[in-house]
$ cat my_file28.cif   # mmCIF, C-alpha atoms
data_protein
#
loop_
_atom_site.group_PDB
_atom_site.id
_atom_site.type_symbol
_atom_site.label_atom_id
_atom_site.label_comp_id
_atom_site.auth_asym_id
_atom_site.auth_seq_id
_atom_site.Cartn_x
_atom_site.Cartn_y
_atom_site.Cartn_z
ATOM 1 C CA MET N 1 24.414 30.907 -28.751
ATOM 2 C CA ALA N 2 25.457 27.601 -30.144
ATOM 3 C CA GLN N 3 27.066 29.114 -33.238
ATOM 4 C CA HIS N 4 29.664 30.973 -31.192
ATOM 5 C CA HIS N 5 30.985 27.725 -29.846
ATOM 6 C CA ASP N 6 31.136 26.071 -33.226
ATOM 7 C CA THR N 7 33.774 28.514 -34.356
ATOM 8 C CA HIS N 8 35.981 27.528 -31.449
ATOM 9 C CA ALA N 9 35.535 23.811 -31.548
ATOM 10 C CA PRO N 10 37.765 22.709 -34.453
ATOM 11 C CA HIS N 11 41.084 24.041 -33.221
ATOM 12 C CA GLY N 12 40.279 23.392 -29.553
ATOM 13 C CA GLY N 13 43.030 25.846 -28.594
ATOM 14 C CA ASP N 14 42.186 25.688 -24.903
ATOM 15 C CA ALA N 15 42.976 22.102 -24.042
ATOM 16 C CA HIS N 16 40.815 22.196 -20.967
ATOM 17 C CA GLU N 17 37.774 23.268 -22.885
ATOM 18 C CA SER N 18 37.732 19.929 -24.700
ATOM 19 C CA HIS N 19 36.699 18.021 -21.590
ATOM 20 C CA GLY N 20 37.782 14.822 -23.260
ATOM 21 C CA SER N 21 37.471 13.770 -26.855
ATOM 22 C CA MET N 22 35.329 11.244 -28.670
ATOM 23 C CA LYS N 23 38.402 9.034 -28.854
ATOM 24 C CA SER N 24 38.915 9.005 -25.083
ATOM 25 C CA TYR N 25 35.245 8.279 -24.393
ATOM 26 C CA VAL N 26 35.085 5.417 -26.925
ATOM 27 C CA LEU N 27 38.355 3.961 -25.631
ATOM 28 C CA GLY N 28 37.122 4.222 -22.028
ATOM 29 C CA PHE N 29 33.806 2.590 -22.946
ATOM 30 C CA VAL N 30 35.483 -0.316 -24.778
ATOM 31 C CA LEU N 31 37.955 -0.878 -21.915
ATOM 32 C CA SER N 32 35.069 -0.831 -19.407
ATOM 33 C CA LEU N 33 33.141 -3.384 -21.468
ATOM 34 C CA VAL N 34 36.199 -5.657 -21.632
ATOM 35 C CA LEU N 35 36.886 -5.246 -17.907
ATOM 36 C CA THR N 36 33.262 -6.189 -17.155
ATOM 37 C CA ALA N 37 33.310 -9.163 -19.521
ATOM 38 C CA ILE N 38 36.543 -10.655 -18.123
ATOM 39 C CA PRO N 39 35.234 -11.425 -14.611
ATOM 40 C CA LEU N 40 31.879 -12.541 -16.007
ATOM 41 C CA ILE N 41 33.493 -15.103 -18.309
ATOM 42 C CA LEU N 42 36.187 -16.263 -15.897
ATOM 43 C CA VAL N 43 34.179 -16.445 -12.688
ATOM 44 C CA LEU N 44 30.700 -17.476 -13.774
ATOM 45 C CA ASN N 45 32.134 -20.335 -15.858
ATOM 46 C CA ASP N 46 34.324 -21.425 -12.923
ATOM 47 C CA ILE N 47 37.504 -20.990 -14.964
ATOM 48 C CA VAL N 48 39.050 -19.407 -11.873
ATOM 49 C CA THR N 49 37.759 -20.305 -8.398
ATOM 50 C CA GLY N 50 38.476 -19.654 -4.750
ATOM 51 C CA ASN N 51 40.767 -16.798 -3.756
ATOM 52 C CA ALA N 52 41.982 -16.399 -7.332
ATOM 53 C CA ALA N 53 38.420 -15.512 -8.339
ATOM 54 C CA ASP N 54 38.244 -12.797 -5.649
ATOM 55 C CA VAL N 55 41.536 -11.381 -6.883
ATOM 56 C CA VAL N 56 40.343 -11.326 -10.519
ATOM 57 C CA LEU N 57 37.072 -9.649 -9.450
ATOM 58 C CA LEU N 58 38.717 -6.953 -7.340
ATOM 59 C CA VAL N 59 41.538 -6.227 -9.785
ATOM 60 C CA THR N 60 39.182 -5.804 -12.753
ATOM 61 C CA ALA N 61 36.872 -3.599 -10.645
ATOM 62 C CA VAL N 62 39.733 -1.334 -9.533
ATOM 63 C CA LEU N 63 41.087 -1.164 -13.095
ATOM 64 C CA GLN N 64 37.665 -0.142 -14.310
ATOM 65 C CA PHE N 65 37.534 2.555 -11.635
ATOM 66 C CA VAL N 66 40.879 3.880 -12.925
ATOM 67 C CA VAL N 67 39.684 3.726 -16.547
ATOM 68 C CA GLN N 68 36.582 5.755 -15.680
ATOM 69 C CA LEU N 69 38.615 8.305 -13.717
ATOM 70 C CA PHE N 70 40.958 8.968 -16.619
ATOM 71 C CA PHE N 71 38.799 8.455 -19.708
ATOM 72 C CA PHE N 72 35.387 9.645 -18.438
ATOM 73 C CA MET N 73 36.180 11.965 -15.553
ATOM 74 C CA HIS N 74 39.367 13.430 -17.143
ATOM 75 C CA LEU N 75 41.324 13.488 -13.932
ATOM 76 C CA LYS N 76 44.606 13.721 -15.856
ATOM 77 C CA GLU N 77 43.604 16.959 -17.593
ATOM 78 C CA GLU N 78 43.402 18.935 -14.384
ATOM 79 C CA LYS N 79 45.528 22.089 -14.190
ATOM 80 C CA LYS N 80 47.938 22.585 -11.298
ATOM 81 C CA PRO N 81 47.453 22.795 -8.385
ATOM 82 C CA ARG N 82 45.570 19.519 -8.608
ATOM 83 C CA TYR N 83 42.990 20.074 -5.893
ATOM 84 C CA ASN N 84 40.573 17.537 -7.352
ATOM 85 C CA LEU N 85 43.205 14.827 -7.216
ATOM 86 C CA MET N 86 44.114 15.769 -3.639
ATOM 87 C CA VAL N 87 40.472 15.608 -2.521
ATOM 88 C CA LEU N 88 40.114 12.250 -4.278
ATOM 89 C CA LEU N 89 43.213 10.834 -2.576
ATOM 90 C CA LEU N 90 42.036 12.059 0.841
ATOM 91 C CA GLY N 91 38.643 10.436 0.182
ATOM 92 C CA LEU N 92 40.276 7.165 -0.855
ATOM 93 C CA VAL N 93 42.410 7.095 2.287
ATOM 94 C CA ILE N 94 39.263 7.560 4.412
ATOM 95 C CA VAL N 95 37.306 4.920 2.465
ATOM 96 C CA LEU N 96 40.115 2.360 2.625
ATOM 97 C CA THR N 97 40.576 2.979 6.356
ATOM 98 C CA ILE N 98 36.859 2.521 7.030
ATOM 99 C CA VAL N 99 36.503 -0.587 4.857
ATOM 100 C CA ALA N 100 39.727 -2.373 5.776
ATOM 101 C CA GLY N 101 39.484 -1.347 9.439
ATOM 102 C CA SER N 102 35.870 -2.506 9.791
ATOM 103 C CA ILE N 103 36.524 -5.860 8.145
ATOM 104 C CA TRP N 104 39.705 -6.449 10.116
ATOM 105 C CA ILE N 105 38.134 -5.668 13.478
ATOM 106 C CA MET N 106 34.796 -7.367 12.918
ATOM 107 C CA LYS N 107 36.086 -10.558 11.312
ATOM 108 C CA TYR N 108 39.427 -11.238 12.949
ATOM 109 C CA ASN N 109 39.476 -9.488 16.310
ATOM 110 C CA MET N 110 36.247 -10.527 17.966
ATOM 111 C CA VAL N 111 36.667 -11.735 21.528
ATOM 112 C CA SER N 112 33.473 -13.777 21.515
ATOM 113 C CA HIS N 113 32.495 -16.423 18.888
ATOM 114 C CA MET Y 1 37.950 18.484 -14.110
ATOM 115 C CA ALA Y 2 36.406 21.231 -12.044
ATOM 116 C CA HIS Y 3 38.381 23.900 -13.835
ATOM 117 C CA VAL Y 4 37.200 22.966 -17.284
ATOM 118 C CA ALA Y 5 33.931 23.662 -18.880
ATOM 119 C CA THR Y 6 33.589 27.383 -18.550
ATOM 120 C CA SER Y 7 36.951 28.649 -19.732
ATOM 121 C CA GLN Y 8 36.096 29.754 -23.274
ATOM 122 C CA SER Y 9 32.447 30.269 -22.965
ATOM 123 C CA SER Y 10 32.602 33.035 -20.401
ATOM 124 C CA HIS Y 11 33.689 35.603 -22.965
ATOM 125 C CA ASP Y 12 31.315 34.317 -25.603
ATOM 126 C CA HIS Y 13 28.438 35.660 -23.614
ATOM 127 C CA GLY Y 14 27.587 39.142 -22.575
ATOM 128 C CA HIS Y 15 27.786 38.607 -18.865
ATOM 129 C CA GLY Y 16 31.076 36.728 -18.980
ATOM 130 C CA HIS Y 17 33.299 38.806 -16.750
ATOM 131 C CA ASP Y 18 36.238 37.099 -15.065
ATOM 132 C CA GLY Y 19 34.684 36.686 -11.635
ATOM 133 C CA HIS Y 20 31.913 34.673 -13.203
ATOM 134 C CA HIS Y 21 34.361 32.129 -14.605
ATOM 135 C CA ASP Y 22 36.108 31.704 -11.272
ATOM 136 C CA LEU Y 23 32.805 31.263 -9.520
ATOM 137 C CA GLU Y 24 31.674 28.496 -11.885
ATOM 138 C CA ALA Y 25 35.026 26.713 -11.526
ATOM 139 C CA LEU Y 26 34.724 26.980 -7.749
ATOM 140 C CA ARG Y 27 31.213 25.546 -7.883
ATOM 141 C CA MET Y 28 32.470 22.550 -9.863
ATOM 142 C CA MET Y 29 35.195 22.061 -7.284
ATOM 143 C CA GLY Y 30 32.502 22.101 -4.581
ATOM 144 C CA PHE Y 31 30.527 19.467 -6.445
ATOM 145 C CA TRP Y 32 33.621 17.288 -6.731
ATOM 146 C CA ILE Y 33 34.056 17.520 -2.939
ATOM 147 C CA PHE Y 34 30.420 16.446 -2.543
ATOM 148 C CA ILE Y 35 31.091 13.413 -4.760
ATOM 149 C CA ILE Y 36 34.078 12.418 -2.650
ATOM 150 C CA THR Y 37 32.017 12.676 0.553
ATOM 151 C CA ASP Y 38 29.362 10.553 -1.148
ATOM 152 C CA CYS Y 39 32.153 8.067 -1.848
ATOM 153 C CA ILE Y 40 32.751 7.896 1.902
ATOM 154 C CA ILE Y 41 29.048 7.147 2.508
ATOM 155 C CA PHE Y 42 29.239 4.249 0.080
ATOM 156 C CA GLY Y 43 32.527 3.157 1.676
ATOM 157 C CA THR Y 44 30.808 2.795 5.061
ATOM 158 C CA LEU Y 45 27.872 0.941 3.476
ATOM 159 C CA PHE Y 46 30.270 -1.441 1.702
ATOM 160 C CA ALA Y 47 32.148 -2.004 4.971
ATOM 161 C CA THR Y 48 28.854 -2.780 6.752
ATOM 162 C CA TYR Y 49 27.853 -5.155 3.980
ATOM 163 C CA ALA Y 50 31.206 -6.959 4.026
ATOM 164 C CA VAL Y 51 30.943 -7.441 7.792
ATOM 165 C CA LEU Y 52 27.322 -8.676 7.733
ATOM 166 C CA VAL Y 53 27.234 -10.665 4.497
ATOM 167 C CA ASN Y 54 27.355 -14.073 6.208
ATOM 168 C CA ASN Y 55 24.794 -13.247 8.925
ATOM 169 C CA THR Y 56 21.777 -14.637 7.113
ATOM 170 C CA ALA Y 57 19.919 -15.663 10.296
ATOM 171 C CA GLY Y 58 18.702 -18.873 8.652
ATOM 172 C CA GLY Y 59 17.275 -16.849 5.763
ATOM 173 C CA PRO Y 60 18.352 -16.915 2.109
ATOM 174 C CA SER Y 61 21.921 -16.004 1.113
ATOM 175 C CA GLY Y 62 23.041 -14.049 -1.911
ATOM 176 C CA ALA Y 63 23.700 -17.259 -3.814
ATOM 177 C CA ASP Y 64 20.064 -18.316 -3.221
ATOM 178 C CA LEU Y 65 18.589 -14.973 -4.229
ATOM 179 C CA PHE Y 66 20.603 -13.219 -6.918
ATOM 180 C CA GLU Y 67 19.653 -13.755 -10.532
ATOM 181 C CA MET Y 68 22.612 -12.807 -12.662
ATOM 182 C CA PRO Y 69 20.962 -12.220 -16.082
ATOM 183 C CA GLY Y 70 19.069 -9.202 -14.707
ATOM 184 C CA VAL Y 71 22.118 -7.920 -12.827
ATOM 185 C CA ILE Y 72 24.366 -8.280 -15.896
ATOM 186 C CA ALA Y 73 21.788 -6.374 -17.944
ATOM 187 C CA GLU Y 74 21.719 -3.607 -15.294
ATOM 188 C CA THR Y 75 25.524 -3.427 -15.373
ATOM 189 C CA PHE Y 76 25.784 -2.987 -19.135
ATOM 190 C CA ILE Y 77 22.849 -0.545 -19.207
ATOM 191 C CA LEU Y 78 24.447 1.706 -16.579
ATOM 192 C CA LEU Y 79 27.863 1.454 -18.238
ATOM 193 C CA THR Y 80 26.369 2.493 -21.575
ATOM 194 C CA SER Y 81 24.516 5.380 -19.922
ATOM 195 C CA SER Y 82 27.791 6.589 -18.393
ATOM 196 C CA PHE Y 83 29.236 6.640 -21.927
ATOM 197 C CA THR Y 84 26.211 8.468 -23.401
ATOM 198 C CA SER Y 85 26.368 11.110 -20.650
ATOM 199 C CA GLY Y 86 29.952 11.690 -21.823
ATOM 200 C CA LEU Y 87 28.674 12.068 -25.391
ATOM 201 C CA ALA Y 88 26.220 14.688 -24.082
ATOM 202 C CA VAL Y 89 29.174 16.688 -22.709
ATOM 203 C CA LEU Y 90 31.006 16.355 -26.046
ATOM 204 C CA SER Y 91 27.924 17.719 -27.852
ATOM 205 C CA MET Y 92 27.767 20.553 -25.338
ATOM 206 C CA ASN Y 93 31.421 21.474 -25.926
ATOM 207 C CA ARG Y 94 30.696 21.628 -29.670
ATOM 208 C CA GLY Y 95 27.816 23.991 -28.864
ATOM 209 C CA ASP Y 96 25.334 21.434 -30.199
ATOM 210 C CA LYS Y 97 22.228 22.001 -28.069
ATOM 211 C CA LYS Y 98 20.115 19.382 -29.884
ATOM 212 C CA GLY Y 99 22.827 16.757 -29.539
ATOM 213 C CA LEU Y 100 23.230 17.608 -25.872
ATOM 214 C CA ILE Y 101 19.526 17.215 -25.097
ATOM 215 C CA GLY Y 102 19.329 14.113 -27.307
ATOM 216 C CA TRP Y 103 22.155 12.312 -25.501
ATOM 217 C CA LEU Y 104 20.707 13.380 -22.132
ATOM 218 C CA ILE Y 105 17.413 11.769 -23.156
ATOM 219 C CA VAL Y 106 19.222 8.545 -24.135
ATOM 220 C CA THR Y 107 21.108 8.613 -20.809
ATOM 221 C CA ALA Y 108 17.916 9.198 -18.816
ATOM 222 C CA LEU Y 109 16.082 6.388 -20.644
ATOM 223 C CA LEU Y 110 18.927 3.969 -19.896
ATOM 224 C CA GLY Y 111 18.918 5.144 -16.267
ATOM 225 C CA ALA Y 112 15.159 4.616 -16.070
ATOM 226 C CA SER Y 113 15.475 1.061 -17.439
ATOM 227 C CA PHE Y 114 18.202 0.383 -14.876
ATOM 228 C CA ILE Y 115 15.897 1.517 -12.050
ATOM 229 C CA THR Y 116 12.979 -0.473 -13.475
ATOM 230 C CA LEU Y 117 15.084 -3.655 -13.523
ATOM 231 C CA GLU Y 118 16.335 -3.002 -9.993
ATOM 232 C CA VAL Y 119 12.880 -2.345 -8.542
ATOM 233 C CA THR Y 120 11.563 -5.477 -10.289
ATOM 234 C CA GLU Y 121 14.425 -7.473 -8.770
ATOM 235 C CA PHE Y 122 13.738 -6.077 -5.275
ATOM 236 C CA LEU Y 123 9.992 -6.781 -5.527
ATOM 237 C CA LYS Y 124 10.669 -10.352 -6.618
ATOM 238 C CA MET Y 125 13.052 -10.901 -3.718
ATOM 239 C CA ILE Y 126 10.561 -9.451 -1.227
ATOM 240 C CA ASP Y 127 7.919 -11.702 -2.738
ATOM 241 C CA GLU Y 128 10.194 -14.686 -2.037
ATOM 242 C CA GLY Y 129 10.354 -13.636 1.624
ATOM 243 C CA ALA Y 130 13.730 -11.868 1.480
ATOM 244 C CA LYS Y 131 12.734 -8.634 3.220
ATOM 245 C CA ILE Y 132 14.952 -5.932 4.691
ATOM 246 C CA SER Y 133 14.014 -7.216 8.169
ATOM 247 C CA THR Y 134 14.773 -10.872 7.384
ATOM 248 C CA SER Y 135 18.468 -10.859 8.270
ATOM 249 C CA ALA Y 136 21.460 -8.602 8.875
ATOM 250 C CA PHE Y 137 22.716 -9.614 5.429
ATOM 251 C CA LEU Y 138 19.507 -8.410 3.758
ATOM 252 C CA SER Y 139 19.401 -5.187 5.821
ATOM 253 C CA ALA Y 140 22.925 -4.383 4.628
ATOM 254 C CA PHE Y 141 22.079 -5.459 1.060
ATOM 255 C CA TYR Y 142 18.965 -3.299 0.687
ATOM 256 C CA THR Y 143 20.661 -0.319 2.357
ATOM 257 C CA LEU Y 144 23.712 -0.454 0.087
ATOM 258 C CA VAL Y 145 22.008 -1.265 -3.224
ATOM 259 C CA GLY Y 146 18.965 0.867 -2.347
ATOM 260 C CA THR Y 147 21.132 3.923 -1.592
ATOM 261 C CA HIS Y 148 22.739 3.546 -4.999
ATOM 262 C CA GLY Y 149 19.308 3.204 -6.623
ATOM 263 C CA LEU Y 150 18.128 6.317 -4.788
ATOM 264 C CA HIS Y 151 21.121 8.236 -6.156
ATOM 265 C CA VAL Y 152 20.276 7.113 -9.690
ATOM 266 C CA SER Y 153 16.621 8.121 -9.206
ATOM 267 C CA ILE Y 154 17.568 11.588 -7.925
ATOM 268 C CA GLY Y 155 20.005 11.895 -10.839
ATOM 269 C CA LEU Y 156 17.154 11.146 -13.257
ATOM 270 C CA ILE Y 157 14.948 13.915 -11.823
ATOM 271 C CA TRP Y 158 17.897 16.330 -11.919
ATOM 272 C CA MET Y 159 18.657 15.337 -15.512
ATOM 273 C CA VAL Y 160 15.096 15.988 -16.690
ATOM 274 C CA ALA Y 161 15.168 19.396 -14.970
ATOM 275 C CA LEU Y 162 18.466 20.228 -16.717
ATOM 276 C CA MET Y 163 17.084 19.199 -20.112
ATOM 277 C CA LEU Y 164 14.249 21.691 -19.623
ATOM 278 C CA GLN Y 165 16.681 24.380 -18.475
ATOM 279 C CA VAL Y 166 19.023 23.860 -21.439
ATOM 280 C CA ALA Y 167 16.044 23.849 -23.821
ATOM 281 C CA LYS Y 168 14.936 27.186 -22.366
ATOM 282 C CA ARG Y 169 18.231 28.997 -21.729
ATOM 283 C CA GLY Y 170 20.593 27.299 -24.167
ATOM 284 C CA ILE Y 171 24.234 26.512 -23.475
ATOM 285 C CA THR Y 172 25.479 29.208 -21.077
ATOM 286 C CA PRO Y 173 28.390 29.121 -18.591
ATOM 287 C CA VAL Y 174 25.879 28.230 -15.878
ATOM 288 C CA THR Y 175 24.106 25.404 -17.729
ATOM 289 C CA LYS Y 176 27.516 24.166 -18.911
ATOM 290 C CA ARG Y 177 28.693 23.858 -15.338
ATOM 291 C CA LYS Y 178 25.493 22.044 -14.365
ATOM 292 C CA ILE Y 179 25.743 19.578 -17.256
ATOM 293 C CA SER Y 180 29.416 18.911 -16.471
ATOM 294 C CA ASN Y 181 28.434 18.215 -12.873
ATOM 295 C CA ILE Y 182 25.612 15.804 -13.664
ATOM 296 C CA SER Y 183 27.876 13.972 -16.090
ATOM 297 C CA LEU Y 184 30.473 13.645 -13.337
ATOM 298 C CA TYR Y 185 27.781 12.464 -10.926
ATOM 299 C CA TRP Y 186 26.598 9.889 -13.459
ATOM 300 C CA HIS Y 187 30.124 8.513 -14.023
ATOM 301 C CA PHE Y 188 30.511 8.314 -10.246
ATOM 302 C CA LEU Y 189 27.290 6.284 -9.929
ATOM 303 C CA ASP Y 190 28.592 3.889 -12.565
ATOM 304 C CA VAL Y 191 31.833 3.482 -10.607
ATOM 305 C CA VAL Y 192 29.859 2.713 -7.426
ATOM 306 C CA TRP Y 193 27.777 0.184 -9.359
ATOM 307 C CA ILE Y 194 30.938 -1.585 -10.595
ATOM 308 C CA PHE Y 195 31.786 -2.258 -6.959
ATOM 309 C CA VAL Y 196 28.188 -3.271 -6.109
ATOM 310 C CA PHE Y 197 28.257 -5.648 -9.068
ATOM 311 C CA THR Y 198 31.658 -7.059 -8.062
ATOM 312 C CA ILE Y 199 31.393 -7.263 -4.286
ATOM 313 C CA VAL Y 200 27.672 -7.905 -3.781
ATOM 314 C CA TYR Y 201 26.641 -9.899 -6.825
ATOM 315 C CA MET Y 202 29.713 -11.591 -8.324
ATOM 316 C CA MET Y 203 31.213 -12.508 -4.962
ATOM 317 C CA GLY Y 204 27.740 -13.474 -3.740
ATOM 318 C CA VAL Y 205 26.986 -16.035 -6.426
ATOM 319 C CA ARG Y 206 30.360 -17.549 -7.180
#
$ encode --input "my_file28.cif" --output "structure tokens"
Amino acid sequence: MAQHHDTHAPHGGDAHESHGSMKSYVLGFVLSLVLTAIPLILVLNDIVTGNAADVVLLVTAVLQFVVQLFFFMHLKEEKKPRYNLMVLLLGLVIVLTIVAGSIWIMKYNMVSH
Amino acid sequence: MAHVATSQSSHDHGHGHDGHHDLEALRMMGFWIFIITDCIIFGTLFATYAVLVNNTAGGPSGADLFEMPGVIAETFILLTSSFTSGLAVLSMNRGDKKGLIGWLIVTALLGASFITLEVTEFLKMIDEGAKISTSAFLSAFYTLVGTHGLHVSIGLIWMVALMLQVAKRGITPVTKRKISNISLYWHFLDVVWIFVFTIVYMMGVR
């Protein structure tokens, strides 16, 4: 079976068959490594502290999420209509509502304490 | 990505009529919806953790408990395994069955070392008296990190089963769809871990 595919691979005529290339995976991996190293170096060595440290941590985490979506999960390569993207956005809206709503209510709107 | 893997292969194989292709694409779409709902589960667990993180009930806090060298090792191991699962998909798209199984084995070994490190870390914490019943913080911690670990463990079993199936049946539209799905699942688990690493560990120790 494998041989059949080999004949198709070089020209990769169907862009969606490629499911990413070596280049995109290596680039995504390197970016992820860098985005993991940045908070480690900055925060664990106390180069940034306080709220700035939280911002650095969250921004690098979100950036890494985006890197993985595009370079590993190939979100950009989806054909129209982009159902996967729509489901993802709906999920993100729900997650953000749950997380932000829970924190807001439980930390800042308690009647007791 | 759901549309991808099967497009060419369906007519390379005897049973590749059009309906088959659509069905496989639809199944990948279904798996993507599952991943998003799983995202929502983790969202609620993160919200719970964020709310309870300071309720240590006189017990140890994250800063007292977490040992970063092990956690950093886990992070880079899981990140590398996410990359190698991508290499498995690349091998699959080239029709390279040996490469596919080889990279799946590398991915599974990295996943197994991740789980080993995590279980060791949990056992050490429990040994130090930081049990799931000790405080609200620790209940939320073990639930969140443990649910992620459970996902990785289930992924490992699934991956071994797929290796056997690919070895037996070769690269067909059906096994292609399954491999694409597990690769997606594995990337997703890495993404969840990035947030565990950031919100639980990094924000816990700094």
$ axis_aligned_box --input "my_file28.cif" --around "stretch 116-126 of chain Y" --padding-each-side "4 Å" --output "JSON"
{"center_x": 13.2, "center_y": -5.7, "center_z": -7.4, "size_x": 14.3, "size_y": 18.4, "size_z": 20.3}
$ closest_residue --input "my_file28.cif" --among "Y:Ala63, Y:Cys39, Y:Leu100, Y:Ala161" --to "chain N" --atoms "all atoms listed in the file"
Y:Cys39
$ resolve_selection --input "my_file28.cif" --expression "the PyMOL selection byres ((chain Y and resi 50) around 10)" --output "ChimeraX atom specification"
/N:99-100,102-103,106-107 /Y:44-49,51-54,137,140-141,199-200
$ write_last_selection --input "my_file28.cif" --atoms "C-alpha atoms" --output "short mmCIF file (atom, residue, chain, number, x, y, z; two decimals), in the coordinates of the input"
data_model
loop_
_atom_site.label_atom_id
_atom_site.label_comp_id
_atom_site.auth_asym_id
_atom_site.auth_seq_id
_atom_site.Cartn_x
_atom_site.Cartn_y
_atom_site.Cartn_z
CA VAL N 99 36.50 -0.59 4.86
CA ALA N 100 39.73 -2.37 5.78
CA SER N 102 35.87 -2.51 9.79
CA ILE N 103 36.52 -5.86 8.14
CA MET N 106 34.80 -7.37 12.92
CA LYS N 107 36.09 -10.56 11.31
CA THR Y 44 30.81 2.80 5.06
CA LEU Y 45 27.87 0.94 3.48
CA PHE Y 46 30.27 -1.44 1.70
CA ALA Y 47 32.15 -2.00 4.97
CA THR Y 48 28.85 -2.78 6.75
CA TYR Y 49 27.85 -5.16 3.98
CA VAL Y 51 30.94 -7.44 7.79
CA LEU Y 52 27.32 -8.68 7.73
CA VAL Y 53 27.23 -10.66 4.50
CA ASN Y 54 27.36 -14.07 6.21
CA PHE Y 137 22.72 -9.61 5.43
CA ALA Y 140 22.92 -4.38 4.63
CA PHE Y 141 22.08 -5.46 1.06
CA ILE Y 199 31.39 -7.26 -4.29
CA VAL Y 200 27.67 -7.90 -3.78
#
$ atom_distance --input "my_file28.cif" --atom1 "atom CA of Y:Thr143" --atom2 "atom CA of Y:Phe42"
10.0 Å
$ closest_residue --input "my_file28.cif" --among "N:Ala61, N:Leu89, N:Leu42, N:Val66" --to "chain Y" --atoms "only C-alpha atoms"
N:Ala61
$ resolve_selection --input "my_file28.cif" --expression "the PyMOL selection byres ((chain Y) within 8 of (chain N))" --output "MDAnalysis selection string"
chainID Y and resid 1:9 12 29 32:33 36:37 39:40 43:44 46:48 50:51 76 79:80 83 86:87 89:90 93:97 170:172 184 187 191 194:195 198:199 202:203 206
$ atom_distance --input "my_file28.cif" --atom1 "atom CA of Y:His151" --atom2 "atom CA of Y:Leu123"
18.7 Å
$ atom_distance --input "my_file28.cif" --atom1 "atom CA of Y:Ile154" --atom2 "atom CA of Y:Asp22"
27.6 Å
$ residues_around --input "my_file28.cif" --residues "Y:Leu78" --least-positions-apart "2" --cutoff "8 Å" --atoms "only C-alpha atoms" --output "number ranges by chain"
Y: 74-76, 80-82, 110-111, 114, 190
$ resolve_selection --input "my_file28.cif" --expression "the PyMOL selection byres ((chain Y and resi 24) around 8)" --output "number ranges by chain"
Y: 6, 20-23, 25-28, 173-174, 177
$ residues_around --input "my_file28.cif" --residues "Y:Ser153" --least-positions-apart "5" --cutoff "12 Å" --atoms "all atoms listed in the file" --output "list in words"
Ala108, Leu109, Leu110, Gly111, Ala112, Ser113, Phe114, Ile115, Thr116, Glu118, Val119, Gly146, Thr147, His148, Trp158, Met159, Val160, Trp186 and Leu189 of chain Y
$ residues_around --input "my_file28.cif" --residues "Y:Trp103" --least-positions-apart "5" --cutoff "7 Å" --atoms "all atoms listed in the file" --output "ChimeraX atom specification"
/Y:84-85,87-88
